[in-house]
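Participant: Below are the structure tokens for one structure; questions will follow.
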Amino acid sequence: MSNRVVLRIRLLVLLALLAQFLHVAPWLGAQEGAEREAGVVVGTTGLNIRECPDVTCGSQGLAQLRDPIIVTGPPENGYLPVQWAGKAGWAWHLYVATPSRGTPFLEKGTPGCNRVAIIVNIGIGEPLQIHPLLWLKEENVPATIFPMGWWALAFPDDMRTLAMLGFPIGSHGDVRLNLTGFSDEEVITDIRDSAIHIRQVTGKDPVPYFTPYAADMDERVRSLVASEGYLPVAWDVPADDWGEGISAEYVFDRVVPKVEDGSIVEFHLDGPSSAQATAVALPWIVEALRKQGYQFVTIQDMAQPCPPAATPVSATPLAGTPTVATPAPAG
């Protein structure tokens, strides 16, 4: 074989390799530029890994609490592109923690379906106002109740009444102390003791949602709460109804003008002013927000994407004796 033939063969091989490289190089660049970050599943015991970034897409499996998961790019429609258990899919952003994103928490729901969530934190210790909760049930208005563990033990009849009414019952911690001043071990003990004490009275575990005492929750506390399988929950509209000398007009004015699509509104019904303030204002607030086109949902609903056709399940009328559904898989 002549040198000229050998050179021609080598040139053809080089040209073929160059063509192949030029075809592959853009893909390689995209892969190298993609955002890849190791993370972990938090805040739920079952996270849907969906086939596409939409709630209507099929699930490829349920990632479990503390499962390792890799985020492979930026979010789309509230879903993160992920790799989990050898599968590529999409995970709802509230349940994936990474070093750069920190621990996710729910302060306001995804807008787009005119949802509002009412939460009631309980643990001040004054007489509980039950009648506004009875009114909510009669009006088919969902709400989520967050009692403290100590309160459940101190007022077992009231705690059992709340459970019988069928409201989802989360956790507001166990004792009236700011968790940011606790050690890691003490925070975990508080979370677990709250669940134990609520279960002792009601016979059921609280639903996996946690509100902090005095709204005091930093990244460290959030990460500990989420690692125990609870979604940390905050709120964007506080009624500021926990003190003395509060009027119903004050509570109404603190809430209604500030509500937006996706708002979480925090109330108290065991404070020193609850009887003349929140208990009176709550029906006014519900009626005013209904006239503005809002639908009321539970925290479980608010933690999820807008449902198909934007019709939250919890906003539909309830029939018969109310029951609390087992939380569905997240995402």
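So you can find residues: chains in the structure tokens are A, B, ... in the order shown, residues in each start at 1, and ligands are numbered from 1 in order.
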Using only C-alpha atoms, what does the table of stretch 102-126 of chain A residues within 6 Å of stretch 283-301 of chain A look like, with each row giving the shortest atom pair and its distance in Å to one decimal, sorted by chain and ascending number, as JSON lines?

Facilitator:
```
{"residue": "A:Asn114", "atom": "CA", "partner": "A:Tyr294", "partner_atom": "CA", "distance": 5.0}
{"residue": "A:Arg115", "atom": "CA", "partner": "A:Gln295", "partner_atom": "CA", "distance": 5.0}
{"residue": "A:Val116", "atom": "CA", "partner": "A:Phe296", "partner_atom": "CA", "distance": 4.9}
{"residue": "A:Ala117", "atom": "CA", "partner": "A:Val297", "partner_atom": "CA", "distance": 5.1}
```

Participant: Those residues you just picked out, can you put them in a file as a compact mmCIF listing (two decimals), in the first residue's frame with C-alpha atoms?

Facilitator:
```
# COMPACT_ATOMS: atom_id res chain seq x y z
CA ASN A 114 -57.71 31.00 43.71
CA ARG A 115 -56.95 28.94 46.81
CA VAL A 116 -56.82 30.13 50.43
CA ALA A 117 -55.92 27.92 53.39
```

Participant: Just want the 9 Å neighbourhood of A:Glu76, counted on only C-alpha atoms, with same-chain residues fewer than 4 positions away dropped. Output as a list in words.

Facilitator: Pro53, Asp54, Leu80, Pro81 and Trp90 of chain A

Participant: Taking 5 positions as the minimum chain separation for residues in the same chain, which residues sit within 10 Å of A:Ile246 when counting only C-alpha atoms? Answer as a PyMOL selection string.

Facilitator: chain A and resi 240-241+251+271-278

Participant: Suppose we keep C-alpha atoms; can you now write the selection as a tab-separated table (two decimals), in the first residue's frame?

Facilitator:
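Printed below is part_20.tsv as written:
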```tsv
chain	number	residue	atom	x	y	z
A	240	ASP	CA	-52.31	38.75	64.88
A	241	ASP	CA	-55.17	37.70	67.11
A	251	VAL	CA	-58.85	40.79	62.83
A	271	GLY	CA	-56.33	33.39	73.09
A	272	PRO	CA	-57.53	35.99	75.59
A	273	SER	CA	-59.47	37.87	72.86
A	274	SER	CA	-60.66	34.91	70.80
A	275	ALA	CA	-64.29	34.99	71.98
A	276	GLN	CA	-64.95	38.60	70.99
A	277	ALA	CA	-62.45	38.86	68.14
A	278	THR	CA	-61.54	35.86	65.98
```

Participant: Tell me, as a PyMOL selection string, which residues lie within 8 Å of stretch 303-308 of chain A, counting only C-alpha atoms; anything in the same chain fewer than 6 positions away does not count.

Facilitator: chain A and resi 55-56+78+92+94+106+109-113+330-331

Participant: Print the selection's residues with N, CA and C atoms to a file, as a compact mmCIF listing (two decimals), in the first residue's frame.

Facilitator:
```txt
# COMPACT_ATOMS: atom_id res chain seq x y z
N VAL A 55 -49.01 17.64 37.29
CA VAL A 55 -49.69 16.76 38.23
C VAL A 55 -50.47 15.65 37.53
N THR A 56 -50.81 15.83 36.26
CA THR A 56 -51.55 14.83 35.52
C THR A 56 -50.65 13.71 34.98
N GLY A 78 -42.89 24.22 38.71
CA GLY A 78 -42.84 23.82 40.11
C GLY A 78 -42.20 22.46 40.35
N TRP A 92 -41.93 17.26 42.84
CA TRP A 92 -42.46 18.53 43.31
C TRP A 92 -41.46 19.19 44.26
N LEU A 94 -41.33 21.13 46.81
CA LEU A 94 -41.44 21.28 48.25
C LEU A 94 -40.83 20.12 49.03
N LEU A 106 -43.49 25.50 53.23
CA LEU A 106 -44.69 26.06 52.63
C LEU A 106 -45.09 27.32 53.38
N GLY A 109 -49.10 28.99 48.79
CA GLY A 109 -49.30 28.00 47.75
C GLY A 109 -49.05 28.54 46.36
N THR A 110 -48.93 27.62 45.41
CA THR A 110 -48.77 28.00 44.01
C THR A 110 -50.01 28.74 43.53
N PRO A 111 -49.86 29.93 42.99
CA PRO A 111 -51.04 30.66 42.51
C PRO A 111 -51.58 30.05 41.22
N GLY A 112 -52.78 30.45 40.88
CA GLY A 112 -53.37 30.00 39.63
C GLY A 112 -54.71 29.33 39.79
N CYS A 113 -55.13 29.05 41.03
CA CYS A 113 -56.43 28.39 41.21
C CYS A 113 -57.23 29.00 42.36
N ALA A 330 -47.02 12.89 48.11
CA ALA A 330 -46.73 14.28 47.74
C ALA A 330 -46.41 14.40 46.27
N GLY A 331 -46.75 15.57 45.71
CA GLY A 331 -46.40 15.83 44.32
C GLY A 331 -47.29 15.15 43.32
```

Participant: Among stretch 50-90 of chain A, which ones does DSSP place in strand (DSSP E or B), written as a PyMOL selection string?

Facilitator: chain A and resi 50+59-63+68-71+76+79-84+87-90

Participant: Take the residues from that selection and put them in a file with C-alpha atoms, as a PDB file, in the first residue's frame.

Facilitator:
```pdb
ATOM      1  CA  ARG A  50     -43.539  11.901  37.716  1.00  0.00           C
ATOM      2  CA  SER A  59     -45.873   8.323  38.573  1.00  0.00           C
ATOM      3  CA  GLN A  60     -42.768   6.179  38.117  1.00  0.00           C
ATOM      4  CA  GLY A  61     -42.580   5.373  41.803  1.00  0.00           C
ATOM      5  CA  LEU A  62     -42.641   6.816  45.304  1.00  0.00           C
ATOM      6  CA  ALA A  63     -39.393   8.156  46.705  1.00  0.00           C
ATOM      7  CA  PRO A  68     -30.936  10.318  47.977  1.00  0.00           C
ATOM      8  CA  ILE A  69     -32.020  12.181  44.864  1.00  0.00           C
ATOM      9  CA  ILE A  70     -30.115  14.172  42.228  1.00  0.00           C
ATOM     10  CA  VAL A  71     -31.469  17.437  40.838  1.00  0.00           C
ATOM     11  CA  GLU A  76     -40.275  23.708  35.452  1.00  0.00           C
ATOM     12  CA  TYR A  79     -41.232  20.429  39.424  1.00  0.00           C
ATOM     13  CA  LEU A  80     -37.516  19.651  39.624  1.00  0.00           C
ATOM     14  CA  PRO A  81     -35.912  17.347  37.040  1.00  0.00           C
ATOM     15  CA  VAL A  82     -34.361  14.546  39.087  1.00  0.00           C
ATOM     16  CA  GLN A  83     -32.681  11.181  39.012  1.00  0.00           C
ATOM     17  CA  TRP A  84     -33.859   8.739  41.650  1.00  0.00           C
ATOM     18  CA  LYS A  87     -34.969   6.687  37.007  1.00  0.00           C
ATOM     19  CA  ALA A  88     -35.183  10.130  35.445  1.00  0.00           C
ATOM     20  CA  GLY A  89     -38.310  12.085  36.286  1.00  0.00           C
ATOM     21  CA  TRP A  90     -39.798  15.130  37.961  1.00  0.00           C
TER      22      TRP A  90
END
```

Participant: Could you list, with a cut-off of 12 Å and counting only C-alpha atoms, the residues of stretch 255-296 of chain A near stretch 142-165 of chain A, each shown with its nearest atom pair and the distance in Å rounded to one decimal, rows sorted by chain and ascending number, as a Markdown table?

Facilitator:
```
| residue | atom | partner | partner_atom | distance |
| --- | --- | --- | --- | --- |
| A:Ile264 | CA | A:Ala143 | CA | 10.3 |
| A:Val265 | CA | A:Ala143 | CA | 9.9 |
| A:Glu266 | CA | A:Thr144 | CA | 9.9 |
| A:Phe267 | CA | A:Ile145 | CA | 9.7 |
| A:His268 | CA | A:Ile145 | CA | 9.7 |
| A:Leu269 | CA | A:Ile145 | CA | 10.3 |
| A:Asp270 | CA | A:Pro147 | CA | 10.3 |
| A:Leu282 | CA | A:Ala143 | CA | 11.6 |
| A:Val286 | CA | A:Pro142 | CA | 10.8 |
| A:Gln295 | CA | A:Pro142 | CA | 9.4 |
| A:Phe296 | CA | A:Pro142 | CA | 6.0 |
```

Participant: Would you pick out the contacts of A:Ser227 at 10 Å or less, using only C-alpha atoms, so that residues sharing its chain but fewer than 6 positions from it are not included, and give the list as a PyMOL selection string?

Facilitator: chain A and resi 40-44+65-66+97+103+188+221

Participant: When you count only C-alpha atoms, which of these residues is closest to A:Ile169: A:Ala214, A:Ile191, A:Ile119, A:Ile124?

Facilitator: A:Ile119
